[in-house]
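Asker: To be precise about what I am sending: the file is called structure-v4.pdb and holds PDB, C-alpha atoms.
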ATOM      1  CA  MET A  12       1.556   8.278 -11.649
ATOM      2  CA  ILE A  13       2.375   8.374  -7.936
ATOM      3  CA  LYS A  14       0.167  10.814  -5.980
ATOM      4  CA  VAL A  15       1.850  12.985  -3.332
ATOM      5  CA  PHE A  16       0.084  14.967  -0.590
ATOM      6  CA  LEU A  17       1.926  17.589   1.507
ATOM      7  CA  VAL A  18       1.125  18.579   5.101
ATOM      8  CA  GLU A  19       3.185  21.494   6.448
ATOM      9  CA  ASP A  20       2.091  24.311   8.736
ATOM     10  CA  GLU A  21       4.804  26.750   7.659
ATOM     11  CA  TYR A  22       3.476  28.378   4.500
ATOM     12  CA  VAL A  23       6.908  29.329   3.125
ATOM     13  CA  ILE A  24       8.220  25.789   3.477
ATOM     14  CA  ARG A  25       5.037  24.286   2.033
ATOM     15  CA  GLU A  26       5.168  26.604  -0.987
ATOM     16  CA  GLY A  27       8.893  25.960  -1.417
ATOM     17  CA  ILE A  28       8.405  22.209  -1.520
ATOM     18  CA  LYS A  29       5.357  22.482  -3.739
ATOM     19  CA  LYS A  30       6.871  24.883  -6.287
ATOM     20  CA  ASN A  31      10.550  23.866  -6.373
ATOM     21  CA  ILE A  32       9.996  20.307  -7.511
ATOM     22  CA  ASP A  33       8.856  19.534 -11.031
ATOM     23  CA  TRP A  34       6.484  16.833  -9.842
ATOM     24  CA  GLN A  35       5.346  15.589 -13.250
ATOM     25  CA  ALA A  36       8.883  15.415 -14.628
ATOM     26  CA  HIS A  37       9.772  13.073 -11.754
ATOM     27  CA  GLY A  38       6.660  10.919 -12.255
ATOM     28  CA  TYR A  39       4.487  12.345  -9.487
ATOM     29  CA  GLU A  40       1.146  14.059  -9.247
ATOM     30  CA  PHE A  41       1.026  16.712  -6.542
ATOM     31  CA  CYS A  42      -2.541  16.013  -5.412
ATOM     32  CA  GLY A  43      -3.056  18.264  -2.417
ATOM     33  CA  GLU A  44      -1.805  20.143   0.606
ATOM     34  CA  ALA A  45      -2.870  21.233   4.059
ATOM     35  CA  GLY A  46      -1.519  23.320   6.908
ATOM     36  CA  ASP A  47      -2.116  20.765   9.664
ATOM     37  CA  GLY A  48      -3.068  17.157  10.208
ATOM     38  CA  GLU A  49      -6.631  17.903  11.236
ATOM     39  CA  LEU A  50      -7.366  19.556   7.887
ATOM     40  CA  ALA A  51      -5.276  17.046   5.976
ATOM     41  CA  PHE A  52      -6.778  13.783   7.204
ATOM     42  CA  PRO A  53     -10.230  14.042   5.552
ATOM     43  CA  MET A  54      -8.571  15.213   2.337
ATOM     44  CA  ILE A  55      -6.147  12.282   2.448
ATOM     45  CA  GLN A  56      -9.040   9.857   2.997
ATOM     46  CA  GLU A  57     -10.762  11.219  -0.091
ATOM     47  CA  ILE A  58      -7.744  11.620  -2.383
ATOM     48  CA  ARG A  59      -5.953   8.433  -1.256
ATOM     49  CA  PRO A  60      -2.406   9.529  -2.099
ATOM     50  CA  ASP A  61       0.429   7.061  -2.477
ATOM     51  CA  ILE A  62       2.809   9.257  -0.454
ATOM     52  CA  VAL A  63       2.157  11.747   2.350
ATOM     53  CA  ILE A  64       4.915  14.182   3.249
ATOM     54  CA  THR A  65       4.208  15.682   6.654
ATOM     55  CA  ASP A  66       5.848  17.981   9.150
ATOM     56  CA  ILE A  67       6.136  16.446  12.594
ATOM     57  CA  ARG A  68       5.099  19.413  14.765
ATOM     58  CA  MET A  69       1.982  21.292  13.734
ATOM     59  CA  PRO A  70      -0.965  22.829  15.539
ATOM     60  CA  PHE A  71      -4.180  20.850  16.145
ATOM     61  CA  MET A  72      -2.864  17.468  14.927
ATOM     62  CA  ASP A  73       0.849  16.755  14.636
ATOM     63  CA  GLY A  74       2.544  14.623  12.017
ATOM     64  CA  LEU A  75       2.863  11.576  14.251
ATOM     65  CA  ALA A  76      -0.864  11.498  15.046
ATOM     66  CA  LEU A  77      -1.670  12.035  11.359
ATOM     67  CA  SER A  78       0.776   9.301  10.342
ATOM     68  CA  SER A  79      -0.814   6.883  12.781
ATOM     69  CA  LEU A  80      -4.317   7.586  11.419
ATOM     70  CA  VAL A  81      -3.181   7.335   7.795
ATOM     71  CA  ASN A  82      -1.357   4.090   8.512
ATOM     72  CA  LYS A  83      -4.530   2.579  10.037
ATOM     73  CA  GLU A  84      -6.936   3.863   7.345
ATOM     74  CA  LEU A  85      -4.702   3.580   4.284
ATOM     75  CA  PRO A  86      -1.955   1.062   5.095
ATOM     76  CA  GLY A  87      -0.542   1.202   1.557
ATOM     77  CA  THR A  88       0.178   4.933   1.806
ATOM     78  CA  LYS A  89       3.835   5.683   2.433
ATOM     79  CA  ILE A  90       4.719   8.492   4.848
ATOM     80  CA  ILE A  91       7.737  10.763   4.843
ATOM     81  CA  ILE A  92       8.177  12.946   7.915
ATOM     82  CA  ILE A  93      10.097  16.195   7.741
ATOM     83  CA  SER A  94      11.177  17.710  11.022
ATOM     84  CA  GLY A  95      13.185  20.551  12.418
ATOM     85  CA  TYR A  96      13.789  18.492  15.547
ATOM     86  CA  ASP A  97      16.675  16.055  15.779
ATOM     87  CA  ASP A  98      14.945  14.233  18.613
ATOM     88  CA  PHE A  99      15.470  10.492  18.988
ATOM     89  CA  GLU A 100      12.051  10.048  20.626
ATOM     90  CA  TYR A 101      10.279  11.511  17.567
ATOM     91  CA  ALA A 102      12.249   9.223  15.274
ATOM     92  CA  ARG A 103      11.506   6.205  17.481
ATOM     93  CA  GLN A 104       7.770   6.958  17.443
ATOM     94  CA  ALA A 105       7.865   7.449  13.668
ATOM     95  CA  ILE A 106       9.508   4.044  13.226
ATOM     96  CA  ARG A 107       6.904   2.426  15.494
ATOM     97  CA  ILE A 108       4.111   3.962  13.402
ATOM     98  CA  GLY A 109       5.653   2.667  10.175
ATOM     99  CA  VAL A 110       6.932   5.882   8.591
ATOM    100  CA  GLU A 111       9.132   5.282   5.531
ATOM    101  CA  GLN A 112      11.584   8.149   5.962
ATOM    102  CA  TYR A 113      12.426  10.784   8.572
ATOM    103  CA  LEU A 114      14.131  13.854   7.093
ATOM    104  CA  LEU A 115      15.580  16.761   9.049
ATOM    105  CA  LYS A 116      14.969  20.359   7.999
ATOM    106  CA  PRO A 117      16.258  22.137   6.121
ATOM    107  CA  ILE A 118      15.765  19.637   3.338
ATOM    108  CA  THR A 119      17.190  20.188  -0.091
ATOM    109  CA  LYS A 120      15.459  19.553  -3.361
ATOM    110  CA  ALA A 121      17.998  16.810  -4.125
ATOM    111  CA  THR A 122      17.398  15.073  -0.783
ATOM    112  CA  LEU A 123      13.639  15.170  -1.161
ATOM    113  CA  THR A 124      13.642  13.958  -4.771
ATOM    114  CA  ALA A 125      16.054  11.144  -3.888
ATOM    115  CA  THR A 126      13.846  10.122  -0.968
ATOM    116  CA  LEU A 127      10.741  10.267  -3.136
ATOM    117  CA  SER A 128      12.492   8.076  -5.719
ATOM    118  CA  GLU A 129      13.318   5.472  -3.070
ATOM    119  CA  VAL A 130       9.742   5.439  -1.827
ATOM    120  CA  ARG A 131       8.349   5.299  -5.384
ATOM    121  CA  GLU A 132      10.563   2.296  -6.130
ATOM    122  CA  LYS A 133       9.232   0.549  -3.029
ATOM    123  CA  ILE A 134       5.628   1.326  -4.059
ATOM    124  CA  GLU A 135       6.239   0.027  -7.586
ATOM    125  CA  ASN A 136       7.859  -3.158  -6.258
ATOM    126  CA  GLU A 137       4.899  -3.741  -3.923
ATOM    127  CA  ARG A 138       2.450  -3.178  -6.775
ATOM    128  CA  GLN A 139       4.387  -5.544  -9.002
ATOM    129  CA  ALA A 140       4.342  -8.190  -6.259
ATOM    130  CA  GLU A 141       0.575  -7.686  -5.793
ATOM    131  CA  ASP A 142       0.017  -8.057  -9.549
ATOM    132  CA  TYR A 143       2.100 -11.228  -9.595
ATOM    133  CA  LEU A 144       0.215 -12.637  -6.611
ATOM    134  CA  GLU A 145      -3.151 -11.818  -8.198
ATOM    135  CA  LYS A 146      -2.078 -13.484 -11.451
ATOM    136  CA  PHE A 147      -0.925 -16.540  -9.485
ATOM    137  CA  ARG A 148      -4.259 -16.734  -7.619
ATOM    138  CA  SER A 149      -6.135 -16.489 -10.912
ATOM    139  CA  GLU A 150      -4.062 -19.268 -12.455
ATOM    140  CA  VAL A 151      -4.569 -21.486  -9.397
ATOM    141  CA  GLN A 152      -8.317 -20.908  -9.582
ATOM    142  CA  GLU A 153      -8.362 -21.781 -13.301
ATOM    143  CA  TYR A 154      -6.348 -24.944 -12.616
ATOM    144  CA  GLU A 155      -8.720 -25.972  -9.809
ATOM    145  CA  GLN A 156     -11.727 -25.476 -12.076
ATOM    146  CA  PHE A 157     -10.043 -27.480 -14.836
ATOM    147  CA  SER A 158      -9.141 -30.286 -12.381
ATOM    148  CA  ARG A 159     -12.690 -30.474 -11.030
ATOM    149  CA  ARG A 160     -14.183 -30.483 -14.531
ATOM    150  CA  ARG A 161     -11.763 -33.249 -15.580
ATOM    151  CA  PHE A 162     -12.619 -35.236 -12.441
ATOM    152  CA  PHE A 163     -16.368 -35.071 -13.116
ATOM    153  CA  GLU A 164     -15.822 -36.030 -16.763
ATOM    154  CA  GLN A 165     -13.882 -39.095 -15.596
ATOM    155  CA  VAL A 166     -16.618 -40.003 -13.094
ATOM    156  CA  VAL A 167     -19.414 -39.638 -15.653
ATOM    157  CA  THR A 168     -17.580 -41.588 -18.362
ATOM    158  CA  GLY A 169     -16.707 -44.397 -15.927
ATOM    159  CA  GLN A 170     -12.940 -43.955 -16.181
ATOM    160  CA  LEU A 171     -12.436 -44.112 -12.394
ATOM    161  CA  SER A 172     -12.997 -46.902  -9.892
ATOM    162  CA  VAL A 173     -14.881 -46.159  -6.657
ATOM    163  CA  GLY A 174     -11.601 -46.028  -4.742
ATOM    164  CA  GLU A 175     -10.090 -43.621  -7.272
ATOM    165  CA  ILE A 176     -13.174 -41.424  -7.068
ATOM    166  CA  TYR A 177     -12.851 -41.106  -3.284
ATOM    167  CA  GLU A 178      -9.103 -40.512  -3.522
ATOM    168  CA  LYS A 179      -9.294 -37.822  -6.232
ATOM    169  CA  ALA A 180     -12.317 -36.161  -4.637
ATOM    170  CA  GLY A 181     -10.339 -35.805  -1.403
ATOM    171  CA  THR A 182      -7.377 -34.175  -3.134
ATOM    172  CA  LEU A 183      -9.709 -31.768  -4.936
ATOM    173  CA  GLY A 184     -11.620 -30.875  -1.774
ATOM    174  CA  ILE A 185     -14.861 -32.396  -3.019
ATOM    175  CA  ALA A 186     -16.980 -33.946  -0.286
ATOM    176  CA  ILE A 187     -18.574 -37.242  -1.199
ATOM    177  CA  GLU A 188     -21.174 -38.737   1.045
ATOM    178  CA  ALA A 189     -21.608 -42.485   0.902
ATOM    179  CA  GLN A 190     -25.101 -43.832   1.434
ATOM    180  CA  CYS A 191     -25.721 -47.445   2.276
ATOM    181  CA  TYR A 192     -29.123 -49.082   1.770
TER     182      TYR A 192
END
Please rewrite the model in this file as structure tokens.
Answerer:
Amino acid sequence: MIKVFLVEDEYVIREGIKKNIDWQAHGYEFCGEAGDGELAFPMIQEIRPDIVITDIRMPFMDGLALSSLVNKELPGTKIIIISGYDDFEYARQAIRIGVEQYLLKPITKATLTATLSEVREKIENERQAEDYLEKFRSEVQEYEQFSRRRFFEQVVTGQLSVGEIYEKAGTLGIAIEAQCY
């Protein structure tokens, strides 16, 4: 289940977002909330949500500063900024930080759920790619171990000439030191 954390200083908006979406029905776990970035950041570090939804302008620590910290600490966490300000400079900074989406208030339930679905799909695709890459690495490691074992069996049983030993050892990354007496 995808964990979502909400950071919004306006209580009414925060409660509206929190209560008007059936998080579990959409495949999410609402894992926490805070009224500003300063309170949110330590909670986010502990909870490690997959998605952070944050307002852009809040007291103490704004959404851009929070997004920057989250992006550095938890680079896999996706960030959605909600803002009442249609300001190009805010959007430009958000893009530079690596924010996934920038939504303007007022946001509707449909807009937010659609945005969350897009972000969830991206997270799932990234996880699938990571799983595939890990499986590939594991298979490569198994193949390397098999190749080395086969090489040493051939050396011990005398199936390889000296030239073949040096050649195969080089391709397998095995260092062989020749000693002359």
Asker: What is the CA of Gly43 in chain A to CA of Val18 in chain A distance in Å?
Answerer: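 Going from CA of Gly43 in chain A over to CA of Val18 in chain A covers 8.6 Å.
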Asker: Once the PyMOL selection byres ((chain A and resi 70-77) around 7) is applied to the coordinates I shared, what remains selected? I want it as a PyMOL selection string.
Answerer: chain A and resi 47-49+52+65-69+78-81+105
Asker: Here's the selection I'm unsure about, the PyMOL selection byres ((chain A and resi 113-128) around 9); applied to the file above, which residues does it give, as number ranges by chain?
Answerer: A: 28, 31-32, 37, 62, 90-97, 102, 105-106, 110-112, 129-133
Asker: Please list as a count of residues only every residue within 10 Å of Trp34 in chain A, counting all atoms listed in the file and excluding residues in the same chain fewer than 5 positions away.
Answerer: 8
Asker: What is the distance between CA of Gln139 in chain A and CA of Tyr154 in chain A, in Å to one decimal?
Answerer: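 Computing the Euclidean distance for CA of Gln139 in chain A and CA of Tyr154 in chain A yields 22.5 Å.
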Asker: Residues picked by the PyMOL selection byres ((chain A and resi 57) around 12) here, as a PDB file with C-alpha atoms, in the frame of the given file?
Answerer:
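Listing of selection24.pdb after writing:
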ATOM      1  CA  PHE A  16       0.084  14.967  -0.590  1.00  0.00           C
ATOM      2  CA  CYS A  42      -2.541  16.013  -5.412  1.00  0.00           C
ATOM      3  CA  GLY A  43      -3.056  18.264  -2.417  1.00  0.00           C
ATOM      4  CA  ALA A  51      -5.276  17.046   5.976  1.00  0.00           C
ATOM      5  CA  PHE A  52      -6.778  13.783   7.204  1.00  0.00           C
ATOM      6  CA  PRO A  53     -10.230  14.042   5.552  1.00  0.00           C
ATOM      7  CA  MET A  54      -8.571  15.213   2.337  1.00  0.00           C
ATOM      8  CA  ILE A  55      -6.147  12.282   2.448  1.00  0.00           C
ATOM      9  CA  GLN A  56      -9.040   9.857   2.997  1.00  0.00           C
ATOM     10  CA  ILE A  58      -7.744  11.620  -2.383  1.00  0.00           C
ATOM     11  CA  ARG A  59      -5.953   8.433  -1.256  1.00  0.00           C
ATOM     12  CA  PRO A  60      -2.406   9.529  -2.099  1.00  0.00           C
ATOM     13  CA  VAL A  81      -3.181   7.335   7.795  1.00  0.00           C
ATOM     14  CA  GLU A  84      -6.936   3.863   7.345  1.00  0.00           C
ATOM     15  CA  LEU A  85      -4.702   3.580   4.284  1.00  0.00           C
TER      16      LEU A  85
END
Asker: May I ask for the distance between CA of Arg159 in chain A and CA of Ile176 in chain A, given in Å to one decimal place?
Answerer: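 Pair CA of Arg159 in chain A / CA of Ile176 in chain A returns 11.7 Å.
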Asker: For Gly38 in chain A, which residue out of A:Ala186, A:Pro86, A:Val63, A:Glu135 is the nearest one, using all atoms listed in the file?
Answerer: A:Glu135
Asker: Which of these, A:Glu100, A:Glu141, A:Glu19, A:Glu44, has the shortest distance to Gly87 in chain A once you count all atoms listed in the file?
Answerer: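 Between A:Glu100, A:Glu141, A:Glu19, A:Glu44, the residue approaching Gly87 in chain A most closely is A:Glu141.
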Asker: Taking all atoms listed in the file into account, name the residue in A:Ala180, A:Thr88, A:Glu153, A:Arg138 that is nearest to Gln165 in chain A.
Answerer: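 Counting all atoms listed in the file, the residue closest to Gln165 in chain A is A:Ala180.
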